[in-house]
file model-v3.txt (compact mmCIF, C-alpha atoms)
# COMPACT_ATOMS: atom_id res chain seq x y z
CA MET A 1 -107.68 115.81 -34.40
CA SER A 2 -105.99 117.00 -37.59
CA ARG A 3 -104.34 114.53 -39.93
CA THR A 4 -101.02 116.25 -39.20
CA ALA A 5 -101.41 115.64 -35.46
CA THR A 6 -102.19 111.98 -36.10
CA GLU A 7 -99.12 111.59 -38.29
CA ILE A 8 -96.90 113.31 -35.72
CA ALA A 9 -97.95 110.75 -33.10
CA THR A 10 -96.80 107.80 -35.25
CA GLN A 11 -93.15 108.82 -35.34
CA PRO A 12 -91.78 106.48 -32.65
CA THR A 13 -93.11 103.48 -34.59
CA CYS A 14 -91.83 104.88 -37.90
CA TRP A 15 -88.33 105.41 -36.52
CA ARG A 16 -88.09 101.86 -35.26
CA ARG A 17 -89.14 100.55 -38.64
CA ALA A 18 -86.61 102.85 -40.31
CA ALA A 19 -83.80 101.43 -38.17
CA GLU A 20 -84.73 97.94 -39.30
CA ALA A 21 -85.02 98.99 -42.95
CA ALA A 22 -81.58 100.60 -42.93
CA THR A 23 -79.91 97.30 -42.06
CA ALA A 24 -81.41 95.66 -45.17
CA PHE A 25 -80.65 98.47 -47.65
CA ASP A 26 -77.33 98.31 -49.48
CA GLY A 27 -77.37 101.66 -51.26
CA LEU A 28 -76.28 103.89 -48.38
CA PRO A 29 -72.92 105.70 -48.45
CA GLN A 30 -69.95 103.56 -47.49
CA PRO A 31 -67.23 104.56 -45.02
CA GLY A 32 -64.62 106.79 -46.61
CA GLU A 33 -66.79 107.94 -49.50
CA ARG A 34 -67.05 111.64 -50.27
CA VAL A 35 -70.77 112.28 -50.19
CA ALA A 36 -73.22 115.07 -50.91
CA VAL A 37 -76.78 115.11 -49.61
CA THR A 38 -79.53 117.18 -51.18
CA GLY A 39 -83.20 118.08 -51.04
CA CYS A 40 -85.57 121.03 -50.95
CA GLY A 41 -87.18 122.70 -47.96
CA THR A 42 -87.57 120.28 -45.09
CA SER A 43 -85.60 117.62 -46.98
CA TRP A 44 -82.66 120.01 -47.30
CA PHE A 45 -82.68 120.58 -43.55
CA MET A 46 -82.65 116.81 -42.96
CA ALA A 47 -79.72 116.66 -45.39
CA ILE A 48 -77.84 119.22 -43.31
CA ALA A 49 -78.42 117.17 -40.17
CA TYR A 50 -77.31 113.91 -41.80
CA ALA A 51 -74.18 115.46 -43.28
CA ALA A 52 -73.08 116.69 -39.86
CA LEU A 53 -73.87 113.32 -38.26
CA ARG A 54 -71.90 111.39 -40.87
CA GLU A 55 -68.84 113.57 -40.39
CA ALA A 56 -69.21 113.30 -36.60
CA ALA A 57 -69.16 109.54 -37.02
CA GLY A 58 -65.84 109.83 -38.87
CA LEU A 59 -67.22 108.17 -42.00
CA GLY A 60 -66.09 110.72 -44.56
CA GLU A 61 -66.46 114.24 -45.89
CA THR A 62 -70.15 115.02 -46.33
CA ASP A 63 -71.71 118.17 -47.78
CA ALA A 64 -75.36 119.27 -47.92
CA PHE A 65 -76.95 121.48 -50.56
CA ALA A 66 -80.36 122.70 -51.58
CA SER A 67 -80.96 120.93 -54.88
CA SER A 68 -81.24 124.23 -56.75
CA GLU A 69 -77.77 125.24 -55.49
CA PHE A 70 -75.95 121.93 -55.99
CA PRO A 71 -72.42 122.35 -57.45
CA VAL A 72 -72.80 119.84 -60.29
CA GLY A 73 -69.19 120.25 -61.39
CA ARG A 74 -67.87 119.02 -58.05
CA SER A 75 -66.71 115.43 -57.67
CA TYR A 76 -68.42 113.06 -55.21
CA ASP A 77 -68.44 109.32 -54.71
CA ARG A 78 -72.17 109.32 -54.07
CA VAL A 79 -75.10 111.73 -53.89
CA VAL A 80 -78.09 111.15 -51.61
CA ALA A 81 -81.36 112.89 -52.50
CA ILE A 82 -84.30 113.15 -50.12
CA THR A 83 -87.71 113.73 -51.75
CA ARG A 84 -90.95 112.76 -50.05
CA SER A 85 -93.08 113.16 -53.17
CA GLY A 86 -90.55 111.91 -55.72
CA THR A 87 -91.71 114.71 -58.01
CA THR A 88 -89.90 117.85 -56.82
CA THR A 89 -88.62 119.62 -59.90
CA GLU A 90 -85.21 120.71 -58.61
CA VAL A 91 -84.40 117.23 -57.27
CA LEU A 92 -85.40 115.49 -60.50
CA ASP A 93 -83.44 117.99 -62.60
CA LEU A 94 -80.35 117.40 -60.47
CA LEU A 95 -80.62 113.62 -60.66
CA THR A 96 -80.98 113.89 -64.43
CA ARG A 97 -77.77 115.90 -64.65
CA LEU A 98 -75.88 113.49 -62.41
CA LYS A 99 -77.09 110.28 -64.05
CA GLY A 100 -74.21 108.23 -65.43
CA ARG A 101 -71.63 110.47 -63.73
CA ILE A 102 -72.09 109.97 -60.00
CA PRO A 103 -73.91 107.12 -58.22
CA THR A 104 -77.12 108.41 -56.67
CA VAL A 105 -79.52 107.13 -54.05
CA ALA A 106 -82.96 108.60 -53.38
CA ILE A 107 -85.12 108.35 -50.29
CA THR A 108 -88.79 108.80 -51.12
CA GLY A 109 -92.28 108.15 -49.85
CA ASP A 110 -93.90 107.36 -53.20
CA PRO A 111 -92.73 104.48 -55.43
CA LYS A 112 -94.92 105.57 -58.35
CA THR A 113 -92.97 108.69 -59.28
CA PRO A 114 -90.15 109.70 -61.68
CA VAL A 115 -87.45 109.49 -58.99
CA MET A 116 -87.62 105.69 -59.24
CA GLU A 117 -86.10 105.82 -62.72
CA LEU A 118 -83.65 108.66 -62.20
CA ALA A 119 -81.78 107.45 -59.11
CA ASP A 120 -79.44 104.48 -59.22
CA SER A 121 -80.96 103.07 -56.04
CA VAL A 122 -84.07 104.07 -54.10
CA ALA A 123 -85.17 103.53 -50.52
CA VAL A 124 -88.96 103.68 -50.43
CA LEU A 125 -90.37 104.67 -47.04
CA ASP A 126 -93.99 104.66 -48.21
CA TRP A 127 -95.18 103.56 -44.78
CA ALA A 128 -93.96 106.92 -43.45
CA ASP A 129 -95.55 109.02 -46.21
CA GLU A 130 -98.15 111.61 -45.27
CA GLU A 131 -101.49 112.98 -46.36
CA SER A 132 -100.72 116.36 -44.82
CA VAL A 133 -98.94 118.97 -46.92
CA VAL A 134 -96.65 119.82 -44.01
CA GLN A 135 -93.88 117.25 -43.58
CA THR A 136 -93.44 115.76 -40.14
CA ARG A 137 -93.02 112.00 -39.89
CA PHE A 138 -91.55 111.40 -43.35
CA ALA A 139 -88.75 113.89 -42.79
CA THR A 140 -87.78 112.58 -39.37
CA THR A 141 -88.11 108.97 -40.53
CA ALA A 142 -85.83 109.64 -43.51
CA LEU A 143 -83.26 111.08 -41.11
CA ALA A 144 -83.73 108.15 -38.73
CA PHE A 145 -83.14 105.78 -41.66
CA LEU A 146 -79.93 107.54 -42.67
CA ARG A 147 -78.83 107.92 -39.07
CA ALA A 148 -79.30 104.21 -38.38
CA GLY A 149 -77.07 103.45 -41.35
CA LEU A 150 -74.20 105.29 -39.67
CA GLY A 151 -73.91 102.89 -36.76
CA ASP A 152 -72.68 104.10 -33.40
CA ILE A 153 -71.88 107.81 -33.17
CA PRO A 154 -70.07 109.19 -30.10
CA GLY A 155 -72.40 111.28 -27.98
CA VAL A 156 -75.47 110.49 -30.10
CA LYS A 157 -78.22 108.08 -29.08
CA SER A 158 -79.22 105.15 -31.25
CA VAL A 159 -82.42 105.46 -33.27
CA THR A 160 -84.04 102.95 -30.94
CA GLU A 161 -83.19 105.13 -27.95
CA ALA A 162 -84.44 108.20 -29.80
CA ALA A 163 -87.76 106.43 -30.39
CA LEU A 164 -88.16 105.98 -26.63
CA ASP A 165 -87.68 109.72 -26.14
CA ALA A 166 -90.14 110.33 -28.95
CA GLU A 167 -92.84 108.43 -27.08
CA LEU A 168 -92.62 111.04 -24.33
CA ALA A 169 -92.48 113.90 -26.82
CA VAL A 170 -95.80 112.94 -28.42
CA THR A 171 -97.66 112.85 -25.10
CA GLU A 172 -96.13 115.31 -22.64
CA PRO A 173 -98.02 118.61 -22.24
CA LEU A 174 -96.43 121.65 -23.87
CA PRO A 175 -95.42 124.42 -21.41
CA GLU A 176 -97.93 127.27 -21.28
CA GLU A 177 -95.26 129.94 -21.66
CA VAL A 178 -94.16 128.31 -24.91
CA VAL A 179 -97.66 127.99 -26.33
CA GLY A 180 -98.49 131.57 -25.37
CA ALA A 181 -95.31 133.19 -26.69
CA GLU A 182 -95.29 135.73 -29.53
CA GLN A 183 -91.94 134.74 -31.08
CA TRP A 184 -89.66 131.66 -31.15
CA THR A 185 -85.96 131.36 -31.98
CA PHE A 186 -84.59 127.85 -32.52
CA LEU A 187 -80.93 127.04 -31.94
CA GLY A 188 -78.72 124.03 -32.61
CA ARG A 189 -75.11 122.91 -32.85
CA GLY A 190 -73.59 120.41 -35.26
CA TRP A 191 -76.29 118.13 -36.64
CA THR A 192 -79.00 119.80 -34.58
CA TYR A 193 -78.61 123.06 -36.48
CA GLY A 194 -80.47 121.36 -39.32
CA LEU A 195 -83.21 120.48 -36.84
CA ALA A 196 -83.36 124.09 -35.65
CA LEU A 197 -83.88 125.24 -39.23
CA GLU A 198 -86.64 122.67 -39.64
CA ALA A 199 -88.29 123.70 -36.36
CA GLY A 200 -88.51 127.30 -37.54
CA LEU A 201 -89.87 126.25 -40.93
CA LYS A 202 -92.53 124.01 -39.39
CA MET A 203 -93.85 126.85 -37.26
CA ARG A 204 -93.98 129.18 -40.25
CA GLU A 205 -95.61 126.65 -42.56
CA ALA A 206 -98.32 125.37 -40.26
CA ALA A 207 -99.03 128.40 -38.10
CA GLY A 208 -97.65 131.45 -39.89
CA ALA A 209 -95.57 132.05 -36.75
CA TRP A 210 -92.70 134.48 -36.31
CA THR A 211 -89.70 132.22 -35.98
CA GLU A 212 -85.96 132.35 -36.60
CA ALA A 213 -83.18 129.76 -36.45
CA TYR A 214 -79.43 130.03 -35.92
CA PRO A 215 -76.36 128.06 -34.89
CA ALA A 216 -76.47 128.18 -31.11
CA MET A 217 -73.10 129.90 -30.71
CA GLU A 218 -74.07 132.56 -33.24
CA TYR A 219 -77.15 133.53 -31.21
CA ARG A 220 -75.14 135.97 -29.11
CA HIS A 221 -73.82 137.71 -32.23
CA GLY A 222 -76.95 139.71 -32.94
CA PRO A 223 -79.99 137.38 -32.90
CA ILE A 224 -80.32 137.60 -29.12
CA SER A 225 -81.57 141.14 -29.68
CA ILE A 226 -84.95 139.73 -30.73
CA THR A 227 -85.44 137.84 -27.45
CA ALA A 228 -87.50 139.53 -24.76
CA PRO A 229 -90.28 138.74 -22.26
CA GLY A 230 -92.91 136.62 -23.99
CA ARG A 231 -90.40 135.31 -26.55
CA VAL A 232 -88.73 131.90 -26.62
CA ALA A 233 -85.19 130.71 -27.24
CA TRP A 234 -85.44 126.96 -27.87
CA VAL A 235 -82.22 124.93 -27.95
CA LEU A 236 -82.36 121.55 -29.66
CA GLY A 237 -79.56 119.42 -28.25
CA GLU A 238 -76.58 120.69 -26.30
CA LEU A 239 -77.06 123.90 -24.32
CA PRO A 240 -73.94 126.08 -24.72
CA GLU A 241 -72.36 127.23 -21.49
CA GLY A 242 -73.68 130.59 -20.33
CA LEU A 243 -76.58 130.73 -22.79
CA ALA A 244 -79.22 130.21 -20.12
CA VAL A 245 -77.89 133.25 -18.26
CA ASP A 246 -77.89 135.32 -21.43
CA VAL A 247 -81.53 134.48 -22.19
CA ALA A 248 -82.55 135.20 -18.60
CA GLN A 249 -80.85 138.60 -18.69
CA VAL A 250 -82.99 139.73 -21.63
CA GLY A 251 -86.17 138.30 -20.08
CA GLY A 252 -86.69 135.49 -22.57
CA VAL A 253 -88.08 132.01 -22.04
CA LEU A 254 -85.45 129.28 -22.44
CA VAL A 255 -86.43 125.79 -23.60
CA ALA A 256 -83.68 123.19 -23.39
CA ASN A 257 -84.83 119.60 -23.05
CA GLN A 258 -81.42 118.31 -22.05
CA GLY A 259 -81.15 114.55 -22.11
CA ALA A 260 -83.88 114.13 -24.71
CA ASP A 261 -82.80 113.15 -28.20
CA PRO A 262 -82.91 116.32 -30.33
CA LEU A 263 -84.93 114.59 -33.06
CA ALA A 264 -87.53 113.70 -30.43
CA ASP A 265 -87.48 117.30 -29.24
CA LEU A 266 -88.37 118.36 -32.78
CA ILE A 267 -91.65 116.48 -32.29
CA ARG A 268 -92.56 118.96 -29.55
CA VAL A 269 -92.11 121.79 -32.02
CA GLN A 270 -94.28 119.99 -34.57
CA ARG A 271 -97.01 119.64 -31.96
CA LEU A 272 -96.66 123.29 -31.01
CA ALA A 273 -97.07 124.30 -34.65
CA VAL A 274 -100.36 122.38 -34.85
CA VAL A 275 -101.63 123.91 -31.61
CA LEU A 276 -100.81 127.43 -32.78
CA ALA A 277 -102.35 126.85 -36.21
CA GLU A 278 -105.60 125.64 -34.72
CA SER A 279 -105.68 128.52 -32.23
CA LYS A 280 -105.56 130.91 -35.20
CA GLY A 281 -108.28 129.07 -37.09
CA PHE A 282 -105.83 127.66 -39.66
CA ASP A 283 -106.00 124.14 -41.07
CA PRO A 284 -102.62 122.55 -40.27
CA ASP A 285 -103.23 119.89 -42.92
CA ARG A 286 -103.57 122.51 -45.66
CA PRO A 287 -101.34 125.49 -44.92
CA ARG A 288 -101.62 128.72 -46.83
CA ASN A 289 -99.73 129.09 -50.11
CA LEU A 290 -98.24 125.58 -49.98
CA SER A 291 -98.68 122.30 -51.81
CA ARG A 292 -97.40 118.76 -51.22
CA SER A 293 -94.73 119.08 -53.91
CA VAL A 294 -93.23 122.02 -55.76
CA ILE A 295 -93.45 121.23 -59.47
CA LEU A 296 -92.20 124.06 -61.65
CA GLY A 297 -93.83 124.69 -64.99

call {"tool": "encode", "arguments": {"input": "model-v3.txt", "output": "structure tokens"}}
result
Amino acid sequence: MSRTATEIATQPTCWRRAAEAATAFDGLPQPGERVAVTGCGTSWFMAIAYAALREAAGLGETDAFASSEFPVGRSYDRVVAITRSGTTTEVLDLLTRLKGRIPTVAITGDPKTPVMELADSVAVLDWADEESVVQTRFATTALAFLRAGLGDIPGVKSVTEAALDAELAVTEPLPEEVVGAEQWTFLGRGWTYGLALEAGLKMREAAGAWTEAYPAMEYRHGPISITAPGRVAWVLGELPEGLAVDVAQVGGVLVANQGADPLADLIRVQRLAVVLAESKGFDPDRPRNLSRSVILG
């Protein structure tokens, strides 16, 4: 078993620990604050999901930006940065520019990195850090940590409930028609759009797969043209009315694990990425052209 597969399987335990850690951490955004969340790659997609969740909870205006595209002249009450390695160049540059101007909090997996000095407060989730280059459990655990800090959200399960769904997601067999497909399109609405983006990225990173991701309601506005027999449309979260019929009409395979927490459903995609990588002779722990952290010279 690859190291990535082993780390994927630990996510239910990590999420429960994250929920406990969130209750003891006092640096999270407060109700009513205007907040921006930032990161790079996978961390940016988790930022997108958290921003949508926080607004859905009615806790305040929340934006999400890739760190390289952050509008530093804009006013916020707090900025949250997600960085597994604590060394990502764009994140550190942004925190340097914001220091002394806007309170910042970082979520990281490594306490022995520059982010510890640059952020005003730091949540260290080192027990969720990874050896694999491809992020799986750290990203979802960071989101679980932030999500737990929001309290009850209408229509969204608690992190503890999500962890129960995750236990099924790490063990249930993957459908053959999904494993054997030639193309996958991931769809989400609200906070799950960030998860859809991450699902597509995970498949590309680990397996070099042909994937795309869109807001679920935008799928009909062009992207559905890529769906055909042997190709998958995978909805994370709510299935829009009529979408199942649309996918069936073009001969595609629809995946919609309704009732399962969307973050737990992302685990199924992570597992699929590992299966596909290994079927192609790739090492999912060391994907092509990638490193654990992007450090610009």

call {"tool": "closest_residue", "arguments": {"input": "model-v3.txt", "among": "A:Ser279, A:Ser121, A:Thr83, A:Thr13", "to": "Gly41 of chain A", "atoms": "only C-alpha atoms"}}
result
A:Thr83

call {"tool": "closest_atom_pairs", "arguments": {"input": "model-v3.txt", "of": "segment 188-268 of chain A", "to": "segment 45-69 of chain A", "cutoff": "12 Å", "atoms": "all atoms listed in the file", "output": "tab-separated table"}}
result
residue	atom	partner	partner_atom	distance
A:Gly188	CA	A:Ala49	CA	10.2
A:Arg189	CA	A:Ala52	CA	9.6
A:Gly190	CA	A:Ala52	CA	5.9
A:Trp191	CA	A:Ala49	CA	4.2
A:Thr192	CA	A:Ala49	CA	6.2
A:Tyr193	CA	A:Ala49	CA	7.0
A:Gly194	CA	A:Ala49	CA	4.7
A:Leu195	CA	A:Ala49	CA	6.7
A:Ala196	CA	A:Phe45	CA	8.7
A:Leu197	CA	A:Phe45	CA	6.5
A:Glu198	CA	A:Phe45	CA	5.9
A:Ala199	CA	A:Phe45	CA	9.6
A:Gly200	CA	A:Phe45	CA	10.7
A:Leu201	CA	A:Phe45	CA	9.5
A:Lys202	CA	A:Phe45	CA	11.2
A:Ala213	CA	A:Phe45	CA	11.6
A:Pro262	CA	A:Ala49	CA	10.8
A:Leu263	CA	A:Ala49	CA	10.0
A:Leu266	CA	A:Met46	CA	11.8

call {"tool": "residues_around", "arguments": {"input": "model-v3.txt", "residues": "segment 101-106 of chain A", "least_positions_apart": "5", "cutoff": "12 Å", "atoms": "only C-alpha atoms", "output": "ChimeraX atom specification"}}
result
/A:25-30,33-39,43,47,72-87,91-92,94-96,111,113-125,142,146

call {"tool": "residues_around", "arguments": {"input": "model-v3.txt", "residues": "Pro173 of chain A", "least_positions_apart": "5", "cutoff": "12 Å", "atoms": "all atoms listed in the file", "output": "JSON, numbers by chain"}}
result
{"A": [168, 178, 179, 268, 269, 271, 272, 275]}

call {"tool": "residues_near_point", "arguments": {"input": "model-v3.txt", "point": "(-78.3, 112.5, -23.9)", "cutoff": "10 Å", "atoms": "all atoms listed in the file", "output": "list in words"}}
result
Gly155, Val156, Lys157, Glu161, Ala162, Gly237, Glu238, Asn257, Gln258, Gly259, Ala260, Asp261 and Pro262 of chain A

call {"tool": "atom_distance", "arguments": {"input": "model-v3.txt", "atom1": "atom CA of Ala228 of chain A", "atom2": "atom CA of Val170 of chain A"}}
result
28.1 Å

call {"tool": "atom_distance", "arguments": {"input": "model-v3.txt", "atom1": "atom CA of Trp184 of chain A", "atom2": "atom CA of Glu212 of chain A"}}
result
6.6 Å

call {"tool": "residues_around", "arguments": {"input": "model-v3.txt", "residues": "Thr160 of chain A", "least_positions_apart": "4", "cutoff": "12 Å", "atoms": "all atoms listed in the file", "output": "ChimeraX atom specification"}}
result
/A:11-20,144-145,147-148,151-152,156,164-167,261,263-264

call {"tool": "write_last_selection", "arguments": {"input": "model-v3.txt", "atoms": "C-alpha atoms", "output": "JSON list (two decimals), in the coordinates of the input"}}
result
[["chain", "number", "residue", "atom", "x", "y", "z"],
["A", 11, "GLN", "CA", -93.15, 108.82, -35.34],
["A", 12, "PRO", "CA", -91.78, 106.48, -32.65],
["A", 13, "THR", "CA", -93.11, 103.48, -34.59],
["A", 14, "CYS", "CA", -91.83, 104.88, -37.90],
["A", 15, "TRP", "CA", -88.33, 105.41, -36.52],
["A", 16, "ARG", "CA", -88.09, 101.86, -35.26],
["A", 17, "ARG", "CA", -89.14, 100.55, -38.64],
["A", 18, "ALA", "CA", -86.61, 102.85, -40.31],
["A", 19, "ALA", "CA", -83.80, 101.43, -38.17],
["A", 20, "GLU", "CA", -84.73, 97.94, -39.30],
["A", 144, "ALA", "CA", -83.73, 108.15, -38.73],
["A", 145, "PHE", "CA", -83.14, 105.78, -41.66],
["A", 147, "ARG", "CA", -78.83, 107.92, -39.07],
["A", 148, "ALA", "CA", -79.30, 104.21, -38.38],
["A", 151, "GLY", "CA", -73.91, 102.89, -36.76],
["A", 152, "ASP", "CA", -72.68, 104.10, -33.40],
["A", 156, "VAL", "CA", -75.47, 110.49, -30.10],
["A", 164, "LEU", "CA", -88.16, 105.98, -26.63],
["A", 165, "ASP", "CA", -87.68, 109.72, -26.14],
["A", 166, "ALA", "CA", -90.14, 110.33, -28.95],
["A", 167, "GLU", "CA", -92.84, 108.43, -27.08],
["A", 261, "ASP", "CA", -82.80, 113.15, -28.20],
["A", 263, "LEU", "CA", -84.93, 114.59, -33.06],
["A", 264, "ALA", "CA", -87.53, 113.70, -30.43]]

call {"tool": "residues_around", "arguments": {"input": "model-v3.txt", "residues": "Ala273 of chain A", "least_positions_apart": "3", "cutoff": "9 Å", "atoms": "all atoms listed in the file", "output": "PyMOL selection string"}}
result
chain A and resi 199+202-209+268-270+276-278+284

call {"tool": "write_last_selection", "arguments": {"input": "model-v3.txt", "atoms": "C-alpha atoms", "output": "PDB file, keeping the file's coordinate frame"}}
result
ATOM      1  CA  ALA A 199     -88.290 123.700 -36.360  1.00  0.00           C
ATOM      2  CA  LYS A 202     -92.530 124.010 -39.390  1.00  0.00           C
ATOM      3  CA  MET A 203     -93.850 126.850 -37.260  1.00  0.00           C
ATOM      4  CA  ARG A 204     -93.980 129.180 -40.250  1.00  0.00           C
ATOM      5  CA  GLU A 205     -95.610 126.650 -42.560  1.00  0.00           C
ATOM      6  CA  ALA A 206     -98.320 125.370 -40.260  1.00  0.00           C
ATOM      7  CA  ALA A 207     -99.030 128.400 -38.100  1.00  0.00           C
ATOM      8  CA  GLY A 208     -97.650 131.450 -39.890  1.00  0.00           C
ATOM      9  CA  ALA A 209     -95.570 132.050 -36.750  1.00  0.00           C
ATOM     10  CA  ARG A 268     -92.560 118.960 -29.550  1.00  0.00           C
ATOM     11  CA  VAL A 269     -92.110 121.790 -32.020  1.00  0.00           C
ATOM     12  CA  GLN A 270     -94.280 119.990 -34.570  1.00  0.00           C
ATOM     13  CA  LEU A 276    -100.810 127.430 -32.780  1.00  0.00           C
ATOM     14  CA  ALA A 277    -102.350 126.850 -36.210  1.00  0.00           C
ATOM     15  CA  GLU A 278    -105.600 125.640 -34.720  1.00  0.00           C
ATOM     16  CA  PRO A 284    -102.620 122.550 -40.270  1.00  0.00           C
TER      17      PRO A 284
END

call {"tool": "closest_residue", "arguments": {"input": "model-v3.txt", "among": "A:Thr136, A:Thr89, A:Thr23, A:Thr108", "to": "Thr6 of chain A", "atoms": "only C-alpha atoms"}}
result
A:Thr136

call {"tool": "atom_distance", "arguments": {"input": "model-v3.txt", "atom1": "atom CA of Arg220 of chain A", "atom2": "atom CA of Asp246 of chain A"}}
result
8.2 Å

call {"tool": "residues_around", "arguments": {"input": "model-v3.txt", "residues": "Ala233 of chain A", "least_positions_apart": "5", "cutoff": "10 Å", "atoms": "all atoms listed in the file", "output": "short mmCIF file (atom, residue, chain, number, x, y, z; two decimals) with C-alpha atoms, in the frame of the given file"}}
result
data_model
loop_
_atom_site.label_atom_id
_atom_site.label_comp_id
_atom_site.auth_asym_id
_atom_site.auth_seq_id
_atom_site.Cartn_x
_atom_site.Cartn_y
_atom_site.Cartn_z
CA VAL A 178 -94.16 128.31 -24.91
CA GLN A 183 -91.94 134.74 -31.08
CA TRP A 184 -89.66 131.66 -31.15
CA THR A 185 -85.96 131.36 -31.98
CA PHE A 186 -84.59 127.85 -32.52
CA LEU A 187 -80.93 127.04 -31.94
CA THR A 211 -89.70 132.22 -35.98
CA GLU A 212 -85.96 132.35 -36.60
CA ALA A 213 -83.18 129.76 -36.45
CA ALA A 216 -76.47 128.18 -31.11
CA TYR A 219 -77.15 133.53 -31.21
CA ILE A 224 -80.32 137.60 -29.12
CA ILE A 226 -84.95 139.73 -30.73
CA THR A 227 -85.44 137.84 -27.45
CA ALA A 228 -87.50 139.53 -24.76
CA LEU A 243 -76.58 130.73 -22.79
CA ALA A 244 -79.22 130.21 -20.12
CA VAL A 247 -81.53 134.48 -22.19
CA GLY A 252 -86.69 135.49 -22.57
CA VAL A 253 -88.08 132.01 -22.04
CA LEU A 254 -85.45 129.28 -22.44
CA VAL A 255 -86.43 125.79 -23.60
CA ALA A 256 -83.68 123.19 -23.39
#

call {"tool": "axis_aligned_box", "arguments": {"input": "model-v3.txt", "around": "segment 159-166 of chain A", "padding_each_side": "6 Å", "output": "AutoDock Vina command-line options"}}
result
--center_x -86.3 --center_y 106.6 --center_z -29.7 --size_x 19.7 --size_y 19.4 --size_z 19.1
